[in-house]
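Heads up, work-v6.cif below (mmCIF, C-alpha atoms and all ligand atoms):
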data_run
loop_
_atom_site.label_atom_id
_atom_site.label_comp_id
_atom_site.auth_asym_id
_atom_site.auth_seq_id
_atom_site.Cartn_x
_atom_site.Cartn_y
_atom_site.Cartn_z
CA MET A 26 -28.65 -15.83 -110.80
CA ARG A 27 -29.00 -19.11 -108.96
CA MET A 28 -30.51 -21.96 -110.93
CA PRO A 29 -33.65 -23.15 -109.13
CA MET A 30 -33.78 -26.79 -108.10
CA ILE A 31 -36.49 -29.24 -107.15
CA ALA A 32 -35.21 -32.48 -105.70
CA GLY A 33 -37.42 -35.46 -104.90
CA ASN A 34 -36.32 -37.52 -101.92
CA TRP A 35 -38.14 -40.80 -102.33
CA LYS A 36 -36.87 -42.01 -98.93
CA MET A 37 -37.40 -45.74 -98.29
CA ASN A 38 -40.15 -46.07 -100.87
CA THR A 39 -40.46 -47.95 -104.17
CA THR A 40 -39.27 -51.39 -105.17
CA VAL A 41 -37.18 -51.45 -108.33
CA GLY A 42 -40.33 -52.24 -110.29
CA GLU A 43 -42.21 -49.33 -108.73
CA ALA A 44 -39.28 -46.99 -109.37
CA ILE A 45 -39.31 -47.95 -113.04
CA GLU A 46 -43.02 -47.30 -113.20
CA LEU A 47 -42.73 -43.91 -111.53
CA VAL A 48 -39.87 -42.76 -113.73
CA ASN A 49 -41.64 -43.94 -116.87
CA GLU A 50 -44.68 -41.96 -115.79
CA MET A 51 -42.90 -38.67 -115.16
CA ARG A 52 -39.85 -38.78 -117.42
CA SER A 53 -41.01 -37.09 -120.61
CA ARG A 54 -43.17 -34.49 -118.89
CA LEU A 55 -40.43 -33.64 -116.40
CA ASP A 56 -37.85 -33.46 -119.14
CA GLU A 57 -39.87 -30.75 -120.91
CA ILE A 58 -39.69 -28.27 -118.03
CA ASP A 59 -36.81 -25.81 -118.37
CA ASN A 60 -34.94 -23.41 -116.14
CA VAL A 61 -35.01 -25.61 -113.09
CA ASP A 62 -32.76 -28.49 -112.07
CA LYS A 63 -34.90 -31.58 -111.64
CA VAL A 64 -33.33 -34.15 -109.36
CA ILE A 65 -34.75 -37.47 -108.22
CA CYS A 66 -33.27 -39.46 -105.36
CA PRO A 67 -34.52 -43.05 -105.39
CA PRO A 68 -33.22 -45.78 -103.07
CA PHE A 69 -29.71 -47.12 -103.83
CA ILE A 70 -31.01 -50.33 -105.37
CA SER A 71 -32.81 -48.42 -108.14
CA LEU A 72 -30.07 -45.95 -109.05
CA ALA A 73 -28.51 -47.98 -111.86
CA THR A 74 -31.86 -48.77 -113.45
CA VAL A 75 -33.15 -45.21 -113.16
CA LYS A 76 -29.89 -43.91 -114.57
CA GLU A 77 -30.55 -45.91 -117.74
CA LEU A 78 -34.18 -44.79 -117.89
CA ILE A 79 -33.34 -41.08 -117.75
CA LYS A 80 -30.39 -41.25 -120.13
CA GLY A 81 -30.56 -38.41 -122.66
CA SER A 82 -33.07 -36.45 -120.56
CA SER A 83 -32.45 -33.35 -118.44
CA ILE A 84 -33.40 -35.19 -115.26
CA LYS A 85 -30.60 -35.57 -112.73
CA LEU A 86 -30.02 -38.28 -110.20
CA GLY A 87 -29.11 -38.26 -106.53
CA ALA A 88 -28.61 -40.80 -103.76
CA GLN A 89 -30.02 -40.49 -100.25
CA ASN A 90 -26.95 -41.34 -98.22
CA ILE A 91 -23.30 -42.43 -98.30
CA TYR A 92 -20.67 -43.70 -95.95
CA PHE A 93 -17.60 -41.49 -95.72
CA GLU A 94 -14.90 -44.10 -96.35
CA GLU A 95 -13.83 -44.81 -99.90
CA LYS A 96 -13.87 -48.60 -99.57
CA GLY A 97 -13.18 -51.39 -97.13
CA ALA A 98 -14.71 -53.63 -94.50
CA TYR A 99 -17.92 -51.68 -93.85
CA THR A 100 -20.58 -54.29 -94.49
CA GLY A 101 -23.70 -52.88 -96.04
CA GLU A 102 -22.35 -49.42 -96.75
CA ILE A 103 -22.04 -47.53 -100.05
CA SER A 104 -19.12 -45.21 -100.70
CA PRO A 105 -19.07 -41.87 -102.52
CA LEU A 106 -16.67 -43.37 -105.05
CA MET A 107 -19.19 -46.08 -105.94
CA LEU A 108 -21.85 -43.47 -106.52
CA THR A 109 -19.79 -41.41 -108.92
CA GLU A 110 -20.68 -43.89 -111.68
CA LEU A 111 -24.35 -43.58 -110.93
CA CYS A 112 -25.39 -40.12 -109.84
CA GLU A 113 -24.45 -36.48 -109.46
CA PHE A 114 -25.94 -35.59 -106.06
CA VAL A 115 -26.16 -37.12 -102.62
CA ILE A 116 -28.32 -36.09 -99.67
CA ILE A 117 -26.37 -35.83 -96.43
CA GLY A 118 -27.39 -34.88 -92.91
CA HIS A 119 -31.07 -35.62 -93.37
CA SER A 120 -32.85 -35.35 -90.02
CA GLU A 121 -34.09 -38.93 -90.37
CA ARG A 122 -30.48 -40.11 -90.53
CA ARG A 123 -29.54 -37.89 -87.60
CA GLN A 124 -32.48 -39.20 -85.59
CA TYR A 125 -32.72 -42.91 -86.45
CA PHE A 126 -29.11 -43.66 -87.34
CA ASN A 127 -27.37 -41.46 -84.80
CA GLU A 128 -25.50 -39.37 -87.34
CA THR A 129 -23.62 -36.59 -85.65
CA ASP A 130 -22.47 -33.26 -87.05
CA GLU A 131 -18.99 -34.74 -87.20
CA ILE A 132 -20.10 -37.73 -89.29
CA ILE A 133 -22.05 -35.45 -91.59
CA ASN A 134 -18.99 -33.27 -92.07
CA LYS A 135 -16.94 -36.33 -93.03
CA LYS A 136 -19.64 -37.39 -95.47
CA GLY A 137 -19.68 -33.96 -97.08
CA GLN A 138 -15.91 -33.89 -97.43
CA SER A 139 -15.73 -37.37 -98.88
CA ALA A 140 -18.54 -36.67 -101.36
CA LEU A 141 -16.86 -33.49 -102.60
CA LYS A 142 -13.51 -35.25 -102.87
CA VAL A 143 -14.84 -37.53 -105.60
CA GLY A 144 -16.96 -34.85 -107.28
CA LEU A 145 -20.37 -35.76 -105.87
CA LYS A 146 -22.55 -32.76 -105.04
CA PRO A 147 -23.89 -32.93 -101.50
CA ILE A 148 -27.36 -31.71 -100.62
CA LEU A 149 -26.72 -30.86 -96.99
CA CYS A 150 -29.84 -30.87 -94.77
CA ILE A 151 -30.12 -28.79 -91.63
CA GLY A 152 -33.10 -27.86 -89.51
CA GLU A 153 -34.41 -27.50 -85.99
CA ARG A 154 -36.80 -29.60 -83.91
CA LEU A 155 -40.20 -28.32 -82.84
CA GLU A 156 -39.21 -27.52 -79.27
CA GLN A 157 -36.12 -25.68 -80.48
CA ASN A 158 -38.29 -23.69 -82.87
CA GLU A 159 -40.74 -22.85 -80.09
CA ALA A 160 -37.91 -21.82 -77.80
CA GLY A 161 -36.66 -19.36 -80.44
CA LEU A 162 -33.51 -21.39 -81.04
CA THR A 163 -33.82 -21.89 -84.80
CA ALA A 164 -30.99 -19.55 -85.78
CA GLU A 165 -28.68 -20.99 -83.14
CA VAL A 166 -29.39 -24.60 -84.14
CA VAL A 167 -28.96 -24.13 -87.87
CA THR A 168 -25.78 -22.09 -87.35
CA LYS A 169 -24.27 -24.87 -85.28
CA GLN A 170 -25.24 -27.54 -87.81
CA LEU A 171 -23.95 -25.46 -90.67
CA ARG A 172 -20.64 -24.55 -89.05
CA SER A 173 -19.88 -28.15 -88.13
CA ALA A 174 -20.94 -29.53 -91.50
CA LEU A 175 -18.69 -27.09 -93.34
CA VAL A 176 -15.50 -27.54 -91.33
CA GLY A 177 -12.59 -28.00 -93.75
CA ILE A 178 -14.72 -27.35 -96.81
CA ASP A 179 -13.34 -24.43 -98.82
CA ASP A 180 -15.37 -24.66 -101.98
CA LEU A 181 -19.14 -24.33 -101.73
CA SER A 182 -19.76 -24.19 -105.46
CA LYS A 183 -20.78 -27.87 -105.60
CA MET A 184 -22.78 -27.83 -102.38
CA ILE A 185 -26.53 -27.40 -102.05
CA ILE A 186 -28.13 -26.67 -98.70
CA ALA A 187 -31.62 -27.71 -97.71
CA TYR A 188 -33.33 -26.08 -94.76
CA GLU A 189 -35.71 -28.70 -93.45
CA PRO A 190 -37.36 -27.85 -90.13
CA ILE A 191 -37.99 -31.24 -88.52
CA TRP A 192 -41.46 -30.26 -87.35
CA ALA A 193 -42.47 -29.72 -90.97
CA ILE A 194 -41.22 -33.05 -92.35
CA GLY A 195 -44.00 -35.47 -93.17
CA THR A 196 -46.40 -33.68 -90.86
CA GLY A 197 -48.46 -31.67 -93.33
CA ARG A 198 -47.47 -28.66 -91.29
CA ALA A 199 -45.17 -26.76 -93.62
CA ALA A 200 -43.39 -23.59 -92.60
CA THR A 201 -44.75 -20.45 -94.22
CA GLY A 202 -42.88 -19.00 -97.16
CA LYS A 203 -41.93 -16.01 -95.00
CA GLN A 204 -40.62 -18.14 -92.12
CA ALA A 205 -38.55 -20.27 -94.47
CA ASN A 206 -37.30 -17.20 -96.33
CA ASN A 207 -36.16 -15.61 -93.07
CA THR A 208 -34.27 -18.66 -91.90
CA ILE A 209 -32.74 -19.24 -95.32
CA GLY A 210 -31.72 -15.57 -95.46
CA PHE A 211 -30.10 -16.08 -92.10
CA ILE A 212 -28.30 -19.21 -93.37
CA ARG A 213 -26.99 -17.14 -96.29
CA GLN A 214 -25.73 -14.49 -93.86
CA THR A 215 -23.93 -17.15 -91.86
CA ILE A 216 -22.29 -18.44 -95.04
CA SER A 217 -21.31 -14.90 -95.86
CA GLN A 218 -19.54 -14.67 -92.50
CA LEU A 219 -17.88 -18.07 -92.89
CA TYR A 220 -16.84 -17.49 -96.54
CA ASP A 221 -17.77 -14.29 -98.30
CA LYS A 222 -20.73 -12.45 -99.70
CA GLY A 223 -20.30 -13.69 -103.26
CA ILE A 224 -20.20 -17.31 -102.18
CA ALA A 225 -23.26 -16.80 -100.00
CA GLN A 226 -25.15 -15.23 -102.90
CA ASN A 227 -24.28 -18.12 -105.20
CA VAL A 228 -25.02 -21.10 -103.00
CA ARG A 229 -28.37 -22.71 -103.65
CA ILE A 230 -30.57 -23.15 -100.60
CA LEU A 231 -33.77 -25.19 -100.74
CA TYR A 232 -36.70 -25.49 -98.37
CA GLY A 233 -38.01 -28.93 -97.37
CA GLY A 234 -40.93 -30.07 -95.22
CA SER A 235 -44.46 -30.89 -96.40
CA VAL A 236 -44.04 -29.17 -99.75
CA THR A 237 -46.98 -29.89 -102.06
CA ALA A 238 -48.33 -28.53 -105.32
CA ALA A 239 -50.70 -26.42 -103.20
CA ASN A 240 -48.05 -24.60 -101.16
CA ALA A 241 -44.96 -24.74 -103.42
CA SER A 242 -45.54 -21.27 -104.87
CA ASP A 243 -45.40 -19.80 -101.34
CA PHE A 244 -41.83 -20.95 -101.10
CA VAL A 245 -40.45 -20.47 -104.56
CA GLN A 246 -41.65 -16.89 -104.84
CA GLN A 247 -39.34 -15.97 -101.96
CA TYR A 248 -36.07 -14.39 -102.95
CA GLU A 249 -33.81 -16.45 -100.68
CA ILE A 250 -35.38 -19.82 -101.52
CA ASP A 251 -34.02 -21.55 -104.60
CA GLY A 252 -36.39 -24.48 -104.69
CA ALA A 253 -37.46 -27.45 -102.62
CA LEU A 254 -36.46 -30.83 -101.33
CA VAL A 255 -39.69 -32.75 -101.63
CA GLY A 256 -40.51 -35.99 -99.80
CA GLY A 257 -44.00 -37.47 -99.99
CA ALA A 258 -45.15 -35.36 -102.94
CA SER A 259 -42.20 -36.50 -105.05
CA LEU A 260 -43.77 -39.97 -105.25
CA LYS A 261 -46.90 -38.63 -106.93
CA THR A 262 -46.31 -37.86 -110.56
CA ASN A 263 -48.80 -35.02 -111.05
CA GLU A 264 -47.99 -33.45 -107.73
CA PHE A 265 -44.26 -33.48 -108.39
CA LEU A 266 -44.68 -32.20 -111.94
CA SER A 267 -46.81 -29.32 -110.69
CA ILE A 268 -44.19 -28.34 -108.14
CA VAL A 269 -41.46 -28.37 -110.78
CA ARG A 270 -43.59 -26.48 -113.30
CA LEU A 271 -44.62 -23.82 -110.77
CA THR A 272 -41.01 -23.32 -109.79
CA SER A 273 -39.92 -22.87 -113.37
CA GLU A 274 -42.71 -20.37 -114.04
CA ILE A 275 -42.41 -18.35 -110.85
CA LYS A 276 -38.61 -18.15 -110.79
CA GLY A 277 -38.70 -17.38 -114.52
CA SER A 278 -41.10 -14.47 -114.04
CA LEU A 279 -39.11 -13.13 -111.07
CA ARG A 280 -36.08 -13.02 -113.33
CA GLY A 281 -38.12 -11.04 -115.79
P1 LIG B 301 -42.01 -34.37 -96.83
O1 LIG B 301 -42.08 -33.56 -98.09
O2 LIG B 301 -42.67 -35.71 -96.97
O3 LIG B 301 -42.46 -33.60 -95.64
O4 LIG B 301 -40.46 -34.71 -96.59
C1 LIG B 301 -39.54 -33.69 -96.66
C2 LIG B 301 -38.19 -34.27 -96.62
O5 LIG B 301 -37.76 -34.81 -95.61
C3 LIG B 301 -37.38 -34.22 -97.84
O6 LIG B 301 -36.07 -34.61 -97.61
#

Could you write out this structure as structure tokens?
Ligand code: 13P
Amino acid sequence: MRMPMIAGNWKMNTTVGEAIELVNEMRSRLDEIDNVDKVICPPFISLATVKELIKGSSIKLGAQNIYFEEKGAYTGEISPLMLTELCEFVIIGHSERRQYFNETDEIINKKGQSALKVGLKPILCIGERLEQNEAGLTAEVVTKQLRSALVGIDDLSKMIIAYEPIWAIGTGRAATGKQANNTIGFIRQTISQLYDKGIAQNVRILYGGSVTAANASDFVQQYEIDGALVGGASLKTNEFLSIVRLTSEIKGSLRG
């Protein structure tokens, strides 16, 4: 069975002070919830502080980005190696990075490889734009993104995939559970072709895009969906806690 996961992508929100406040608010209640991996991804500048705050708890930490080189003259960048002291996960290929920072499939592939090389677990984001969705190109787009991101990567056991349709991100217009389940099932099939059936069955695939406490159960009750990558709602303590709790309960009852 795949361990469910809820990851909060805080994006470019929270000062260090606000991050401390948010973690203090949710820490003990989040820690209590079992049978789901709880990951928070604050901005780089708060990682060290948050790491201390969650010490001894079951909460896990992720970063939102990396550069693919290990070190050197890359002013302003953070390497995977640097992050190994701070966190376990790193988001790569987020559509906001593709869109605003011109990240290509090739760059994302390099980021994934360099993260895995030092033992960081990448949360690889893929997803189609609205017009691609409307033109029926979803499967084609996610296959292309997936294939390019996974070039040269043999071991998927440390990799998490997040299907985030761009039209659903920050819009309040989430996919339906069924839609997301279909696409994620398709992603699993593609992985099965690229690797094998066992690997495809074991890889965790999350849905992301306007997930809230009100719609989370739609997603997590689907067989193919292992949890969510949550943006806006991860900054609201009660909202985020509800999503995590629901996931634990629903996935727990599906397991029987
Ligand atoms: P929202 O939950 O705010 O739509 O963001 C989703 C997302 O991009 C998570 O990475």

Practice task
Using all atoms listed in the file, pick whichever of A:Ile65, A:Ala98, A:Ile133, A:Ile58 has the shortest atom-to-atom distance to ligand LIG 301 (chain B).
Solution key: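 Looking at the shortest contact to ligand LIG 301 (chain B), the residue is A:Ile65.
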
Problem - Protein and nucleic residues near ligand LIG 301 (chain B), 7 Å, only C-alpha atoms and all ligand atoms, as a list in words - result: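 Going residue by residue within 7 Å of ligand LIG 301 (chain B), we get Asn34, His119, Glu189, Ala193, Ile194, Gly195, Thr196, Gly197, Gly233, Gly234, Ser235, Val236, Leu254, Val255, Gly256, Gly257 and Ala258 of chain A.
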
Exercise for the section: Point out the residue among A:Ala174, A:Ala238, A:Ile84, A:Ile79 with the least atom-to-atom distance to Met30 of chain A, counting all atoms listed in the file. Expected result: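 For Met30 of chain A, the nearest of the given residues is A:Ile84.
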
Exercise for the section: Please measure the separation of atom CA of Ile116 of chain A and atom CA of Ile191 of chain A, giving the value in Å to one decimal. Expected result: 15.5 Å

Exercise for the section: Up to 12 Å from (-29.7, -36.1, -119.9) in the file's coordinates: name the residues, counting only C-alpha atoms, as a ChimeraX atom specification. Expected result: /A:52-53,55-57,62-64,75-86,112-113

Handout entry: Residue neighbourhood Thr208 of chain A, 9 Å, only C-alpha atoms, exclusion window fewer than 2 positions, as a PyMOL selection string
Key = chain A and resi 163-164+167+188+203-206+210-213

Selected residues, C-alpha atoms, written as a PDB file, keeping the file's coordinate frame, please.
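That gives us part.pdb:
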ATOM      1  CA  THR A 163     -33.820 -21.890 -84.800  1.00  0.00           C
ATOM      2  CA  ALA A 164     -30.990 -19.550 -85.780  1.00  0.00           C
ATOM      3  CA  VAL A 167     -28.960 -24.130 -87.870  1.00  0.00           C
ATOM      4  CA  TYR A 188     -33.330 -26.080 -94.760  1.00  0.00           C
ATOM      5  CA  LYS A 203     -41.930 -16.010 -95.000  1.00  0.00           C
ATOM      6  CA  GLN A 204     -40.620 -18.140 -92.120  1.00  0.00           C
ATOM      7  CA  ALA A 205     -38.550 -20.270 -94.470  1.00  0.00           C
ATOM      8  CA  ASN A 206     -37.300 -17.200 -96.330  1.00  0.00           C
ATOM      9  CA  GLY A 210     -31.720 -15.570 -95.460  1.00  0.00           C
ATOM     10  CA  PHE A 211     -30.100 -16.080 -92.100  1.00  0.00           C
ATOM     11  CA  ILE A 212     -28.300 -19.210 -93.370  1.00  0.00           C
ATOM     12  CA  ARG A 213     -26.990 -17.140 -96.290  1.00  0.00           C
TER      13      ARG A 213
END

Exercise for the section: Could you jot down the atom CA of Val41 of chain A to atom CA of Ser71 of chain A separation for me, Å, one decimal place? Expected result: 5.3 Å

Exercise for the section: Please identify all polymer residues within 12 Å of Glu156 of chain A, counting only C-alpha atoms, omitting same-chain residues fewer than 4 positions from it, and present them as a count of residues only. Expected result: 9

Handout entry: Selected residue, from A:Asp221, A:Glu249, A:Glu95, A:Glu274, that lies nearest to Asp59 of chain A when counting all atoms listed in the file
Key =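 Of all the options, A:Glu274 lies closest to Asp59 of chain A.
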
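The residue that comes closest to Met37 of chain A, out of A:Met107, A:Ile209, A:Ala88, A:Ala200 and on the basis of all atoms listed in the file, is A:Ala88.
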
Problem - Shell around Val143 of chain A at 8 Å using only C-alpha atoms, local window under 6 positions removed, as a ChimeraX atom specification - result: /A:105-106,109

Practice task
Enter the distance from atom CA of Phe93 of chain A to atom CA of Met184 of chain A, in Å, rounded to one decimal.
Solution key: 16.1 Å

Handout entry: Pick from A:Ile45, A:Ile216, A:Leu231, A:Ile132 nearest to Ile117 of chain A, counting all atoms listed in the file
Key =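 Closest residue, counting all atoms listed in the file: A:Ile132.
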
Exercise for the section: Fewer than 5 positions away in the same chain doesn't count, so skip those; otherwise give me all residues within 7 Å of Trp35 of chain A, counting all atoms listed in the file, as a PyMOL selection string. Expected result: chain A and resi 66-67+256+259-260

Practice task
Between A:Thr100, A:Arg198, A:Leu171, A:Glu46, single out the one closest to Leu155 of chain A, counting only C-alpha atoms.
Solution key: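 Of A:Thr100, A:Arg198, A:Leu171, A:Glu46, the one nearest Leu155 of chain A is A:Arg198, counting only C-alpha atoms.
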
Axis-aligned box over every listed atom of segment 154-170 of chain A, padded by 8 Å per side: centre and edges in Å to one decimal, as AutoDock Vina command-line options?
--center_x -32.5 --center_y -24.5 --center_z -82.8 --size_x 32.5 --size_y 26.2 --size_z 26.1

Exercise for the section: Would you kindly return, as a VMD selection string, each protein, DNA or RNA residue with an atom no farther than 9 Å from any atom of Tyr92 of chain A, considering only C-alpha atoms and excluding same-chain residues fewer than 4 positions away? Expected result: chain A and resid 99 102 to 105 132 135 to 136 139

When you get a chance, write out N, CA, C and O atoms for segment 31-54 of chain A, as a compact mmCIF listing (two decimals), keeping the file's coordinate frame.
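Saved the output as result08.txt:
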# COMPACT_ATOMS: atom_id res chain seq x y z
N ILE A 31 -35.53 -28.43 -107.90
CA ILE A 31 -36.49 -29.24 -107.15
C ILE A 31 -35.93 -30.65 -107.09
O ILE A 31 -35.65 -31.27 -108.12
N ALA A 32 -35.74 -31.14 -105.87
CA ALA A 32 -35.21 -32.48 -105.70
C ALA A 32 -36.25 -33.34 -104.99
O ALA A 32 -36.87 -32.90 -104.02
N GLY A 33 -36.46 -34.53 -105.51
CA GLY A 33 -37.42 -35.46 -104.90
C GLY A 33 -36.66 -36.51 -104.09
O GLY A 33 -35.85 -37.25 -104.64
N ASN A 34 -36.91 -36.51 -102.79
CA ASN A 34 -36.32 -37.52 -101.92
C ASN A 34 -37.36 -38.62 -101.72
O ASN A 34 -38.32 -38.42 -100.98
N TRP A 35 -37.14 -39.72 -102.39
CA TRP A 35 -38.14 -40.80 -102.33
C TRP A 35 -38.10 -41.55 -100.99
O TRP A 35 -38.95 -42.37 -100.72
N LYS A 36 -37.06 -41.31 -100.22
CA LYS A 36 -36.87 -42.01 -98.93
C LYS A 36 -36.94 -43.52 -99.14
O LYS A 36 -36.57 -44.00 -100.22
N MET A 37 -37.40 -44.28 -98.14
CA MET A 37 -37.40 -45.74 -98.29
C MET A 37 -38.72 -46.19 -98.92
O MET A 37 -39.52 -46.91 -98.31
N ASN A 38 -38.93 -45.73 -100.14
CA ASN A 38 -40.15 -46.07 -100.87
C ASN A 38 -39.77 -46.54 -102.27
O ASN A 38 -38.75 -46.11 -102.81
N THR A 39 -40.56 -47.35 -102.81
CA THR A 39 -40.46 -47.95 -104.17
C THR A 39 -39.53 -49.16 -104.24
O THR A 39 -38.35 -49.09 -103.90
N THR A 40 -40.08 -50.24 -104.74
CA THR A 40 -39.27 -51.39 -105.17
C THR A 40 -38.64 -50.98 -106.49
O THR A 40 -38.99 -49.92 -107.04
N VAL A 41 -37.76 -51.79 -107.03
CA VAL A 41 -37.18 -51.45 -108.33
C VAL A 41 -38.29 -51.33 -109.37
O VAL A 41 -38.32 -50.38 -110.17
N GLY A 42 -39.21 -52.27 -109.33
CA GLY A 42 -40.33 -52.24 -110.29
C GLY A 42 -41.15 -50.96 -110.17
O GLY A 42 -41.51 -50.34 -111.18
N GLU A 43 -41.43 -50.56 -108.94
CA GLU A 43 -42.21 -49.33 -108.73
C GLU A 43 -41.43 -48.08 -109.16
O GLU A 43 -42.00 -47.12 -109.68
N ALA A 44 -40.12 -48.13 -108.95
CA ALA A 44 -39.28 -46.99 -109.37
C ALA A 44 -39.33 -46.85 -110.89
O ALA A 44 -39.46 -45.74 -111.42
N ILE A 45 -39.25 -47.97 -111.57
CA ILE A 45 -39.31 -47.95 -113.04
C ILE A 45 -40.63 -47.34 -113.49
O ILE A 45 -40.68 -46.47 -114.37
N GLU A 46 -41.69 -47.79 -112.85
CA GLU A 46 -43.02 -47.30 -113.20
C GLU A 46 -43.12 -45.78 -113.00
O GLU A 46 -43.61 -45.05 -113.86
N LEU A 47 -42.64 -45.33 -111.85
CA LEU A 47 -42.73 -43.91 -111.53
C LEU A 47 -41.91 -43.06 -112.51
O LEU A 47 -42.37 -42.02 -112.99
N VAL A 48 -40.72 -43.52 -112.81
CA VAL A 48 -39.87 -42.76 -113.73
C VAL A 48 -40.49 -42.76 -115.13
O VAL A 48 -40.52 -41.72 -115.80
N ASN A 49 -41.00 -43.89 -115.56
CA ASN A 49 -41.64 -43.94 -116.87
C ASN A 49 -42.83 -42.98 -116.95
O ASN A 49 -43.07 -42.36 -117.99
N GLU A 50 -43.52 -42.85 -115.84
CA GLU A 50 -44.68 -41.96 -115.79
C GLU A 50 -44.30 -40.49 -115.91
O GLU A 50 -44.97 -39.70 -116.57
N MET A 51 -43.20 -40.11 -115.22
CA MET A 51 -42.90 -38.67 -115.16
C MET A 51 -41.82 -38.21 -116.14
O MET A 51 -41.69 -37.02 -116.41
N ARG A 52 -41.06 -39.16 -116.67
CA ARG A 52 -39.85 -38.78 -117.42
C ARG A 52 -40.06 -37.73 -118.51
O ARG A 52 -39.46 -36.67 -118.47
N SER A 53 -40.94 -38.00 -119.47
CA SER A 53 -41.01 -37.09 -120.61
C SER A 53 -41.60 -35.74 -120.21
O SER A 53 -41.16 -34.69 -120.68
N ARG A 54 -42.56 -35.76 -119.30
CA ARG A 54 -43.17 -34.49 -118.89
C ARG A 54 -42.21 -33.66 -118.04
O ARG A 54 -42.18 -32.43 -118.11
